[in-house]
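Trainee: Structure: protein.pdb, PDB, C-alpha atoms and all ligand atoms.
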ATOM      1  CA  MET A 225      92.394  31.331 -20.077
ATOM      2  CA  LYS A 226      90.150  32.661 -22.880
ATOM      3  CA  LYS A 227      87.716  29.987 -24.010
ATOM      4  CA  ALA A 228      84.830  29.919 -26.494
ATOM      5  CA  ILE A 229      82.250  27.424 -27.706
ATOM      6  CA  TYR A 230      81.322  27.046 -31.369
ATOM      7  CA  PRO A 231      78.042  25.108 -31.345
ATOM      8  CA  GLY A 232      76.224  23.747 -34.378
ATOM      9  CA  SER A 233      74.617  20.859 -36.165
ATOM     10  CA  PHE A 234      77.552  20.286 -38.545
ATOM     11  CA  ASP A 235      75.394  17.849 -40.537
ATOM     12  CA  PRO A 236      77.585  17.553 -42.521
ATOM     13  CA  MET A 237      80.595  19.666 -41.625
ATOM     14  CA  THR A 238      81.667  21.895 -44.547
ATOM     15  CA  TYR A 239      84.662  24.038 -45.449
ATOM     16  CA  GLY A 240      82.526  26.981 -44.209
ATOM     17  CA  HIS A 241      82.466  25.508 -40.699
ATOM     18  CA  LEU A 242      86.176  24.688 -40.856
ATOM     19  CA  ASP A 243      86.975  28.251 -41.864
ATOM     20  CA  VAL A 244      85.121  29.596 -38.799
ATOM     21  CA  ILE A 245      86.864  27.000 -36.582
ATOM     22  CA  LYS A 246      90.341  27.932 -37.836
ATOM     23  CA  ARG A 247      89.757  31.650 -37.460
ATOM     24  CA  ALA A 248      88.157  31.374 -34.007
ATOM     25  CA  SER A 249      90.919  29.052 -32.795
ATOM     26  CA  ARG A 250      93.424  31.858 -33.395
ATOM     27  CA  MET A 251      91.425  34.202 -31.158
ATOM     28  CA  PHE A 252      91.070  31.990 -28.083
ATOM     29  CA  ASP A 253      93.284  29.784 -25.926
ATOM     30  CA  GLU A 254      90.743  27.002 -26.244
ATOM     31  CA  LEU A 255      87.897  26.530 -28.712
ATOM     32  CA  ILE A 256      85.281  23.876 -27.980
ATOM     33  CA  VAL A 257      83.443  22.826 -31.132
ATOM     34  CA  SER A 258      80.278  21.200 -29.911
ATOM     35  CA  VAL A 259      77.726  19.168 -31.834
ATOM     36  CA  LEU A 260      74.123  19.683 -30.825
ATOM     37  CA  ASP A 261      72.545  16.305 -30.072
ATOM     38  CA  ASN A 262      69.046  17.196 -31.215
ATOM     39  CA  LYS A 263      66.713  14.228 -30.980
ATOM     40  CA  ALA A 264      63.943  16.170 -32.741
ATOM     41  CA  LYS A 265      65.836  16.381 -36.060
ATOM     42  CA  SER A 266      66.567  13.352 -38.222
ATOM     43  CA  PRO A 267      70.181  13.952 -39.172
ATOM     44  CA  LEU A 268      72.302  12.476 -41.935
ATOM     45  CA  PHE A 269      75.113  11.626 -39.492
ATOM     46  CA  SER A 270      74.605  10.552 -35.891
ATOM     47  CA  THR A 271      75.981  12.873 -33.217
ATOM     48  CA  ASP A 272      78.922  10.506 -32.575
ATOM     49  CA  GLU A 273      79.721  10.345 -36.297
ATOM     50  CA  ARG A 274      79.723  14.145 -36.534
ATOM     51  CA  VAL A 275      82.036  14.366 -33.519
ATOM     52  CA  LYS A 276      84.412  11.892 -35.188
ATOM     53  CA  ILE A 277      84.434  13.859 -38.460
ATOM     54  CA  LEU A 278      85.122  17.139 -36.634
ATOM     55  CA  CYS A 279      87.930  15.477 -34.625
ATOM     56  CA  GLU A 280      89.593  14.281 -37.789
ATOM     57  CA  ALA A 281      89.184  17.636 -39.562
ATOM     58  CA  THR A 282      90.641  19.601 -36.633
ATOM     59  CA  SER A 283      93.380  17.177 -35.534
ATOM     60  CA  GLU A 284      96.103  19.697 -36.469
ATOM     61  CA  LEU A 285      94.529  22.474 -34.389
ATOM     62  CA  LYS A 286      95.905  21.786 -30.950
ATOM     63  CA  ASN A 287      93.671  24.196 -29.022
ATOM     64  CA  VAL A 288      90.443  22.846 -30.517
ATOM     65  CA  ARG A 289      88.416  20.286 -28.568
ATOM     66  CA  VAL A 290      85.356  18.552 -30.023
ATOM     67  CA  ASP A 291      82.418  17.714 -27.816
ATOM     68  CA  GLN A 292      78.645  17.223 -27.949
ATOM     69  CA  PHE A 293      75.793  18.599 -25.913
ATOM     70  CA  SER A 294      72.041  18.441 -25.528
ATOM     71  CA  GLY A 295      69.648  20.792 -23.809
ATOM     72  CA  LEU A 296      70.073  24.524 -23.453
ATOM     73  CA  LEU A 297      73.291  25.981 -24.854
ATOM     74  CA  VAL A 298      73.639  28.408 -21.914
ATOM     75  CA  ASP A 299      73.493  25.510 -19.435
ATOM     76  CA  TYR A 300      76.216  23.745 -21.405
ATOM     77  CA  CYS A 301      78.304  26.955 -21.393
ATOM     78  CA  LYS A 302      77.931  27.123 -17.623
ATOM     79  CA  ARG A 303      79.030  23.493 -17.192
ATOM     80  CA  GLN A 304      82.099  24.189 -19.357
ATOM     81  CA  ASP A 305      82.761  27.529 -17.605
ATOM     82  CA  VAL A 306      82.658  29.348 -20.959
ATOM     83  CA  HIS A 307      81.149  32.805 -21.476
ATOM     84  CA  ILE A 308      81.533  33.255 -25.229
ATOM     85  CA  ILE A 309      79.614  31.590 -28.072
ATOM     86  CA  ILE A 310      80.943  31.763 -31.636
ATOM     87  CA  ARG A 311      78.548  31.764 -34.585
ATOM     88  CA  GLY A 312      79.110  32.336 -38.285
ATOM     89  CA  LEU A 313      77.195  34.861 -40.363
ATOM     90  CA  ARG A 314      76.895  34.283 -44.080
ATOM     91  CA  ALA A 315      74.229  36.659 -45.299
ATOM     92  CA  ILE A 316      71.509  38.926 -44.030
ATOM     93  CA  THR A 317      69.237  35.860 -43.970
ATOM     94  CA  ASP A 318      71.303  34.408 -41.098
ATOM     95  CA  PHE A 319      71.196  37.665 -39.183
ATOM     96  CA  GLU A 320      67.670  37.777 -37.806
ATOM     97  CA  TYR A 321      67.751  34.202 -36.521
ATOM     98  CA  GLU A 322      71.226  34.595 -35.036
ATOM     99  CA  LEU A 323      70.397  37.936 -33.405
ATOM    100  CA  GLN A 324      67.337  36.429 -31.734
ATOM    101  CA  ASN A 325      69.362  33.458 -30.466
ATOM    102  CA  ALA A 326      72.177  35.670 -29.191
ATOM    103  CA  GLN A 327      69.783  37.922 -27.295
ATOM    104  CA  THR A 328      67.839  34.983 -25.890
ATOM    105  CA  ASN A 329      71.036  33.351 -24.679
ATOM    106  CA  ARG A 330      72.186  36.560 -23.034
ATOM    107  CA  LYS A 331      68.852  36.911 -21.207
ATOM    108  CA  LEU A 332      68.788  33.235 -20.198
ATOM    109  CA  SER A 333      72.287  33.478 -18.778
ATOM    110  CA  ASP A 334      71.698  36.757 -16.867
ATOM    111  CA  ASP A 335      74.219  38.547 -19.124
ATOM    112  CA  ASP A 336      76.832  35.888 -18.461
ATOM    113  CA  VAL A 337      77.109  34.515 -22.013
ATOM    114  CA  ASP A 338      77.775  36.684 -25.063
ATOM    115  CA  THR A 339      77.848  35.753 -28.743
ATOM    116  CA  ILE A 340      80.597  36.767 -31.147
ATOM    117  CA  PHE A 341      79.908  36.552 -34.881
ATOM    118  CA  LEU A 342      82.503  35.795 -37.496
ATOM    119  CA  THR A 343      81.488  36.858 -40.966
ATOM    120  CA  THR A 344      82.024  34.223 -43.584
ATOM    121  CA  SER A 345      85.039  34.211 -45.860
ATOM    122  CA  LEU A 346      83.840  35.216 -49.328
ATOM    123  CA  ASP A 347      84.935  31.822 -50.659
ATOM    124  CA  TYR A 348      82.298  30.109 -48.529
ATOM    125  CA  SER A 349      79.495  32.655 -48.296
ATOM    126  CA  TYR A 350      77.202  30.489 -50.441
ATOM    127  CA  LEU A 351      77.984  27.236 -48.634
ATOM    128  CA  SER A 352      75.580  25.431 -46.324
ATOM    129  CA  SER A 353      75.105  21.886 -45.030
ATOM    130  CA  SER A 354      71.753  21.710 -46.820
ATOM    131  CA  SER A 355      73.246  22.546 -50.211
ATOM    132  CA  VAL A 356      75.913  19.883 -49.665
ATOM    133  CA  LYS A 357      73.140  17.373 -48.920
ATOM    134  CA  GLU A 358      71.231  18.376 -52.050
ATOM    135  CA  ILE A 359      74.321  17.990 -54.238
ATOM    136  CA  ALA A 360      75.151  14.627 -52.648
ATOM    137  CA  ALA A 361      71.603  13.382 -53.178
ATOM    138  CA  PHE A 362      72.157  13.794 -56.937
ATOM    139  CA  ASN A 363      75.697  12.350 -56.936
ATOM    140  CA  GLY A 364      77.271  15.774 -57.546
ATOM    141  CA  ASP A 365      80.945  16.595 -57.019
ATOM    142  CA  LEU A 366      81.520  17.590 -53.372
ATOM    143  CA  SER A 367      85.241  18.289 -53.574
ATOM    144  CA  GLN A 368      84.930  22.082 -53.323
ATOM    145  CA  PHE A 369      82.647  21.952 -50.308
ATOM    146  CA  VAL A 370      83.930  19.387 -47.806
ATOM    147  CA  PRO A 371      87.337  17.803 -47.045
ATOM    148  CA  GLU A 372      88.291  14.790 -49.122
ATOM    149  CA  PHE A 373      88.064  12.240 -46.300
ATOM    150  CA  GLU A 374      84.410  13.217 -45.691
ATOM    151  CA  ILE A 375      83.220  12.630 -49.273
ATOM    152  CA  PRO A 376      82.985   8.787 -49.143
ATOM    153  CA  LEU A 377      81.266   9.032 -45.737
ATOM    154  CA  ILE A 378      78.572  11.325 -47.187
ATOM    155  CA  GLU A 379      78.241   9.188 -50.324
ATOM    156  CA  GLU A 380      77.812   6.065 -48.190
ATOM    157  CA  LYS A 381      74.946   7.730 -46.290
ATOM    158  CA  PHE A 382      73.138   8.619 -49.515
ATOM    159  CA  LYS A 383      73.626   5.086 -50.835
ATOM    160  CA  LYS A 384      71.875   3.825 -47.685
ATOM    161  CA  ILE A 385      69.103   6.413 -48.083
ATOM    162  CA  ARG A 386      68.559   5.341 -51.704
ATOM    163  CA  ASN A 387      68.469   1.645 -50.728
ATOM    164  CA  THR A 388      66.497   1.734 -47.490
ATOM    165  CA  GLY A 389      65.232   5.306 -47.094
ATOM    166  CA  ASN A 390      67.328   5.611 -43.934
ATOM    167  CA  PRO A 391      70.888   6.981 -43.449
ATOM    168  CA  GLU A 392      71.489   4.288 -40.804
ATOM    169  CA  GLY A 393      70.910   1.583 -43.450
TER     170      GLY A 393
HETATM  171  P1  LIG A 401      72.880  25.308 -37.041
HETATM  172  O1  LIG A 401      73.851  25.312 -35.912
HETATM  173  O2  LIG A 401      72.129  26.604 -37.170
HETATM  174  O3  LIG A 401      72.018  24.087 -37.128
HETATM  175  P2  LIG A 401      75.097  24.745 -38.834
HETATM  176  O4  LIG A 401      75.599  23.579 -38.081
HETATM  177  O5  LIG A 401      75.039  24.574 -40.334
HETATM  178  O6  LIG A 401      73.699  25.277 -38.425
HETATM  179  O7  LIG A 401      76.044  25.997 -38.582
HETATM  180  C1  LIG A 401      76.702  26.266 -37.385
HETATM  181  C2  LIG A 401      77.240  27.677 -37.460
HETATM  182  O8  LIG A 401      78.142  27.792 -38.560
HETATM  183  C3  LIG A 401      76.175  28.751 -37.691
HETATM  184  O9  LIG A 401      76.544  29.889 -36.959
HETATM  185  C4  LIG A 401      76.247  29.032 -39.170
HETATM  186  O10 LIG A 401      75.833  30.352 -39.479
HETATM  187  C5  LIG A 401      77.754  28.871 -39.398
HETATM  188  N1  LIG A 401      78.045  28.534 -40.778
HETATM  189  C6  LIG A 401      77.544  27.533 -41.531
HETATM  190  N2  LIG A 401      78.035  27.565 -42.791
HETATM  191  C7  LIG A 401      78.883  28.633 -42.841
HETATM  192  C8  LIG A 401      79.682  29.233 -43.857
HETATM  193  N3  LIG A 401      79.687  28.756 -45.096
HETATM  194  N4  LIG A 401      80.417  30.314 -43.528
HETATM  195  C9  LIG A 401      80.371  30.826 -42.267
HETATM  196  N5  LIG A 401      79.636  30.330 -41.275
HETATM  197  C10 LIG A 401      78.884  29.251 -41.548
END
Mind turning this structure into structure tokens?

Mentor:
Amino acid sequence: MKKAIYPGSFDPMTYGHLDVIKRASRMFDELIVSVLDNKAKSPLFSTDERVKILCEATSELKNVRVDQFSGLLVDYCKRQDVHIIIRGLRAITDFEYELQNAQTNRKLSDDDVDTIFLTTSLDYSYLSSSSVKEIAAFNGDLSQFVPEFEIPLIEEKFKKIRNTGNPEG
């Protein structure tokens, strides 16, 4: 069975991420979309909330499983018995960082884990989680960037940030 892992922060998940998920899911028997539980970052959504959002967004894609992980990605790949990582490439600015990560992961795994890049669909080449957060911070219209069900969830977080300075409220 051909399996791959698409890891990321997905904070918040955008149509750009969903596009990569849909395309990768057609290439593999199973695609594991996995949220990095990074305690060092202060995210908008908790790891569990991001998992829930991804589950809802991918509920129609039967070969997609959503999970979370912490620690080294290659160790997680080993635990899942997966040898392929999927990453998206938007522009040349992504390339250097992604190349370094891909090579590091190959070294760390003794050539056991390879990275496959999907280039962005032109419709989403400009789209990033940080721009979605910036637009949301100023009450902008998010409908072209994230699925409809996610919009009130993002707005709620920014309401809490405005009131208490904290997305947890
Ligand atoms: P990171 O995992 O680097 O914290 P993200 O969670 O935003 O960042 O992204 C996860 C993966 O999805 C990365 O490979 C990133 O390049 C890719 N990605 C993000 N936005 C898009 C987009 N609009 N089109 C294609 N790929 C994207």

Trainee: Could you tell me how far CA of Leu242 in chain A lies from CA of Asp335 in chain A, in Å and to one decimal?

Mentor: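 One can read the CA of Leu242 in chain A to CA of Asp335 in chain A distance as 28.4 Å.
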
Trainee: Could you check the closest approach to ligand LIG 401 (chain A) for each of A:Leu268, A:Leu297, A:Met225, A:Val259 and tell me which residue wins, using all atoms listed in the file?

Mentor: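 For ligand LIG 401 (chain A), the nearest of the candidates is A:Val259.
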
Trainee: I'd like the contact shell of Ser333 in chain A - 8 Å cut-off, all atoms listed in the file, skipping same-chain residues fewer than 4 positions apart - returned as a ChimeraX atom specification.

Mentor: /A:298,329,337

Trainee: Once you count only C-alpha atoms and all ligand atoms, which residues end up within 8 Å of ligand LIG 401 (chain A), and could you hand them over as a ChimeraX atom specification?

Mentor: /A:230-241,243-244,259-260,310-314,318,322,341-345,348-354

Trainee: Which residue out of A:Leu296, A:Ile256, A:Ala228, A:Ile277 has the minimum interatomic distance to Glu372 in chain A when all atoms listed in the file are used?

Mentor: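 Smallest separation from Glu372 in chain A among the options: A:Ile277.
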
Trainee: When you draw a straight line from CA of Thr339 in chain A to CA of Tyr321 in chain A, how long is it in Å?

Mentor: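 CA of Tyr321 in chain A lies at a distance of 12.8 Å from CA of Thr339 in chain A.
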
Trainee: Could you state which residues are captured by the PyMOL selection byres (((chain A and resi 269-275) around 12) and not hetatm) in this file, as a ChimeraX atom specification?

Mentor: /A:231-238,256-263,265-268,276-283,289-294,353,357,374,377-382,384-385,390-393

Trainee: Using only C-alpha atoms, please write the residues we just selected to a file, as a short mmCIF file (atom, residue, chain, number, x, y, z; two decimals), keeping the file's coordinate frame.

Mentor:
data_model
loop_
_atom_site.label_atom_id
_atom_site.label_comp_id
_atom_site.auth_asym_id
_atom_site.auth_seq_id
_atom_site.Cartn_x
_atom_site.Cartn_y
_atom_site.Cartn_z
CA PRO A 231 78.04 25.11 -31.34
CA GLY A 232 76.22 23.75 -34.38
CA SER A 233 74.62 20.86 -36.16
CA PHE A 234 77.55 20.29 -38.54
CA ASP A 235 75.39 17.85 -40.54
CA PRO A 236 77.58 17.55 -42.52
CA MET A 237 80.60 19.67 -41.62
CA THR A 238 81.67 21.90 -44.55
CA ILE A 256 85.28 23.88 -27.98
CA VAL A 257 83.44 22.83 -31.13
CA SER A 258 80.28 21.20 -29.91
CA VAL A 259 77.73 19.17 -31.83
CA LEU A 260 74.12 19.68 -30.82
CA ASP A 261 72.54 16.30 -30.07
CA ASN A 262 69.05 17.20 -31.22
CA LYS A 263 66.71 14.23 -30.98
CA LYS A 265 65.84 16.38 -36.06
CA SER A 266 66.57 13.35 -38.22
CA PRO A 267 70.18 13.95 -39.17
CA LEU A 268 72.30 12.48 -41.94
CA LYS A 276 84.41 11.89 -35.19
CA ILE A 277 84.43 13.86 -38.46
CA LEU A 278 85.12 17.14 -36.63
CA CYS A 279 87.93 15.48 -34.62
CA GLU A 280 89.59 14.28 -37.79
CA ALA A 281 89.18 17.64 -39.56
CA THR A 282 90.64 19.60 -36.63
CA SER A 283 93.38 17.18 -35.53
CA ARG A 289 88.42 20.29 -28.57
CA VAL A 290 85.36 18.55 -30.02
CA ASP A 291 82.42 17.71 -27.82
CA GLN A 292 78.64 17.22 -27.95
CA PHE A 293 75.79 18.60 -25.91
CA SER A 294 72.04 18.44 -25.53
CA SER A 353 75.10 21.89 -45.03
CA LYS A 357 73.14 17.37 -48.92
CA GLU A 374 84.41 13.22 -45.69
CA LEU A 377 81.27 9.03 -45.74
CA ILE A 378 78.57 11.32 -47.19
CA GLU A 379 78.24 9.19 -50.32
CA GLU A 380 77.81 6.06 -48.19
CA LYS A 381 74.95 7.73 -46.29
CA PHE A 382 73.14 8.62 -49.52
CA LYS A 384 71.88 3.82 -47.68
CA ILE A 385 69.10 6.41 -48.08
CA ASN A 390 67.33 5.61 -43.93
CA PRO A 391 70.89 6.98 -43.45
CA GLU A 392 71.49 4.29 -40.80
CA GLY A 393 70.91 1.58 -43.45
#

Trainee: Please compute the CA of Leu255 in chain A-CA of His307 in chain A distance, one decimal, in Å.

Mentor: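 According to the coordinates, CA of Leu255 in chain A and CA of His307 in chain A are separated by 11.7 Å.
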
Trainee: Which of these residues is nearest to Ala248 in chain A, using all atoms listed in the file: A:Ile340, A:Asp299, A:Gly364, A:Gln304?

Mentor: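 Selected residue with least distance to Ala248 in chain A: A:Ile340.
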
Trainee: Counting all atoms listed in the file, figure out which residue out of A:Gln327, A:Phe319, A:Ile309, A:Lys227 gets nearest to Val288 in chain A.

Mentor: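 Under the stated criterion, the closest residue is A:Lys227.
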
Trainee: Go through A:Asp305, A:Glu254, A:Phe369, A:Ala361 one by one, measure the shortest atom-to-atom distance of each to Asp347 in chain A using all atoms listed in the file, and give the residue with the smallest value.

Mentor: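 Closest to Asp347 in chain A, using all atoms listed in the file: A:Phe369.
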
Trainee: Which residue gives the smallest distance to Ile245 in chain A among A:Lys331, A:Lys226, A:Arg303, A:Lys286, with all atoms listed in the file counted?

Mentor: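 Once distances to Ile245 in chain A are computed over all atoms listed in the file, the minimum belongs to A:Lys286.
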
Trainee: Padding of 6 Å on every side, edges along x, y and z, all listed atoms of range 275-287 of chain A included: what centre and edge lengths in Å, to one decimal, does that box have, as lines of an AutoDock Vina configuration file?

Mentor:
center_x = 89.1
center_y = 18.0
center_z = -34.3
size_x = 26.1
size_y = 24.3
size_z = 22.5

Trainee: Can range 356-381 of chain A be brought up to N, CA, C and O atoms and written out as an mmCIF file, in the coordinates of the input?

Mentor:
data_model
loop_
_atom_site.group_PDB
_atom_site.id
_atom_site.type_symbol
_atom_site.label_atom_id
_atom_site.label_comp_id
_atom_site.auth_asym_id
_atom_site.auth_seq_id
_atom_site.Cartn_x
_atom_site.Cartn_y
_atom_site.Cartn_z
ATOM 1 N N VAL A 356 75.054 21.067 -49.514
ATOM 2 C CA VAL A 356 75.913 19.883 -49.665
ATOM 3 C C VAL A 356 75.050 18.617 -49.745
ATOM 4 O O VAL A 356 75.270 17.738 -50.581
ATOM 5 N N LYS A 357 74.017 18.555 -48.906
ATOM 6 C CA LYS A 357 73.140 17.373 -48.920
ATOM 7 C C LYS A 357 72.389 17.257 -50.250
ATOM 8 O O LYS A 357 72.237 16.175 -50.793
ATOM 9 N N GLU A 358 71.945 18.421 -50.767
ATOM 10 C CA GLU A 358 71.231 18.376 -52.050
ATOM 11 C C GLU A 358 72.136 17.893 -53.176
ATOM 12 O O GLU A 358 71.738 17.072 -54.005
ATOM 13 N N ILE A 359 73.377 18.397 -53.189
ATOM 14 C CA ILE A 359 74.321 17.990 -54.238
ATOM 15 C C ILE A 359 74.614 16.494 -54.112
ATOM 16 O O ILE A 359 74.603 15.753 -55.093
ATOM 17 N N ALA A 360 74.826 16.046 -52.875
ATOM 18 C CA ALA A 360 75.151 14.627 -52.648
ATOM 19 C C ALA A 360 73.987 13.722 -53.059
ATOM 20 O O ALA A 360 74.198 12.634 -53.598
ATOM 21 N N ALA A 361 72.767 14.196 -52.836
ATOM 22 C CA ALA A 361 71.603 13.382 -53.178
ATOM 23 C C ALA A 361 71.558 13.086 -54.676
ATOM 24 O O ALA A 361 70.996 12.074 -55.101
ATOM 25 N N PHE A 362 72.155 13.995 -55.479
ATOM 26 C CA PHE A 362 72.157 13.794 -56.937
ATOM 27 C C PHE A 362 73.547 13.417 -57.445
ATOM 28 O O PHE A 362 73.876 13.664 -58.604
ATOM 29 N N ASN A 363 74.355 12.833 -56.550
ATOM 30 C CA ASN A 363 75.697 12.350 -56.936
ATOM 31 C C ASN A 363 76.603 13.433 -57.491
ATOM 32 O O ASN A 363 77.469 13.158 -58.337
ATOM 33 N N GLY A 364 76.428 14.679 -57.046
ATOM 34 C CA GLY A 364 77.271 15.774 -57.546
ATOM 35 C C GLY A 364 78.657 15.740 -56.914
ATOM 36 O O GLY A 364 78.900 15.010 -55.938
ATOM 37 N N ASP A 365 79.556 16.541 -57.479
ATOM 38 C CA ASP A 365 80.945 16.595 -57.019
ATOM 39 C C ASP A 365 81.034 17.470 -55.760
ATOM 40 O O ASP A 365 80.721 18.662 -55.787
ATOM 41 N N LEU A 366 81.504 16.864 -54.656
ATOM 42 C CA LEU A 366 81.520 17.590 -53.372
ATOM 43 C C LEU A 366 82.887 18.185 -53.047
ATOM 44 O O LEU A 366 83.064 18.793 -51.992
ATOM 45 N N SER A 367 83.851 18.002 -53.948
ATOM 46 C CA SER A 367 85.241 18.289 -53.574
ATOM 47 C C SER A 367 85.521 19.756 -53.213
ATOM 48 O O SER A 367 86.483 20.024 -52.512
ATOM 49 N N GLN A 368 84.681 20.673 -53.675
ATOM 50 C CA GLN A 368 84.930 22.082 -53.323
ATOM 51 C C GLN A 368 84.268 22.481 -52.009
ATOM 52 O O GLN A 368 84.442 23.592 -51.535
ATOM 53 N N PHE A 369 83.494 21.575 -51.435
ATOM 54 C CA PHE A 369 82.647 21.952 -50.308
ATOM 55 C C PHE A 369 83.015 21.312 -48.973
ATOM 56 O O PHE A 369 82.778 21.882 -47.919
ATOM 57 N N VAL A 370 83.568 20.103 -49.040
ATOM 58 C CA VAL A 370 83.930 19.387 -47.806
ATOM 59 C C VAL A 370 85.300 18.740 -47.997
ATOM 60 O O VAL A 370 85.702 18.477 -49.136
ATOM 61 N N PRO A 371 86.034 18.442 -46.901
ATOM 62 C CA PRO A 371 87.337 17.803 -47.045
ATOM 63 C C PRO A 371 87.224 16.418 -47.689
ATOM 64 O O PRO A 371 86.181 15.758 -47.559
ATOM 65 N N GLU A 372 88.304 16.020 -48.320
ATOM 66 C CA GLU A 372 88.291 14.790 -49.122
ATOM 67 C C GLU A 372 87.867 13.548 -48.316
ATOM 68 O O GLU A 372 87.098 12.721 -48.803
ATOM 69 N N PHE A 373 88.366 13.452 -47.075
ATOM 70 C CA PHE A 373 88.064 12.240 -46.300
ATOM 71 C C PHE A 373 86.563 12.094 -46.000
ATOM 72 O O PHE A 373 86.059 11.000 -45.740
ATOM 73 N N GLU A 374 85.832 13.242 -46.058
ATOM 74 C CA GLU A 374 84.410 13.217 -45.691
ATOM 75 C C GLU A 374 83.517 12.770 -46.867
ATOM 76 O O GLU A 374 82.387 12.316 -46.648
ATOM 77 N N ILE A 375 84.048 12.897 -48.084
ATOM 78 C CA ILE A 375 83.220 12.630 -49.273
ATOM 79 C C ILE A 375 82.680 11.185 -49.292
ATOM 80 O O ILE A 375 81.463 10.993 -49.407
ATOM 81 N N PRO A 376 83.544 10.152 -49.133
ATOM 82 C CA PRO A 376 82.985 8.787 -49.143
ATOM 83 C C PRO A 376 81.996 8.538 -47.998
ATOM 84 O O PRO A 376 81.062 7.747 -48.152
ATOM 85 N N LEU A 377 82.189 9.214 -46.873
ATOM 86 C CA LEU A 377 81.266 9.032 -45.737
ATOM 87 C C LEU A 377 79.876 9.564 -46.101
ATOM 88 O O LEU A 377 78.848 8.947 -45.791
ATOM 89 N N ILE A 378 79.860 10.737 -46.777
ATOM 90 C CA ILE A 378 78.572 11.325 -47.187
ATOM 91 C C ILE A 378 77.940 10.452 -48.278
ATOM 92 O O ILE A 378 76.745 10.138 -48.232
ATOM 93 N N GLU A 379 78.782 10.015 -49.224
ATOM 94 C CA GLU A 379 78.241 9.188 -50.324
ATOM 95 C C GLU A 379 77.631 7.890 -49.793
ATOM 96 O O GLU A 379 76.580 7.449 -50.253
ATOM 97 N N GLU A 380 78.304 7.305 -48.813
ATOM 98 C CA GLU A 380 77.812 6.065 -48.190
ATOM 99 C C GLU A 380 76.420 6.279 -47.579
ATOM 100 O O GLU A 380 75.527 5.436 -47.712
ATOM 101 N N LYS A 381 76.241 7.429 -46.918
ATOM 102 C CA LYS A 381 74.946 7.730 -46.290
ATOM 103 C C LYS A 381 73.852 7.811 -47.352
ATOM 104 O O LYS A 381 72.747 7.304 -47.162
#
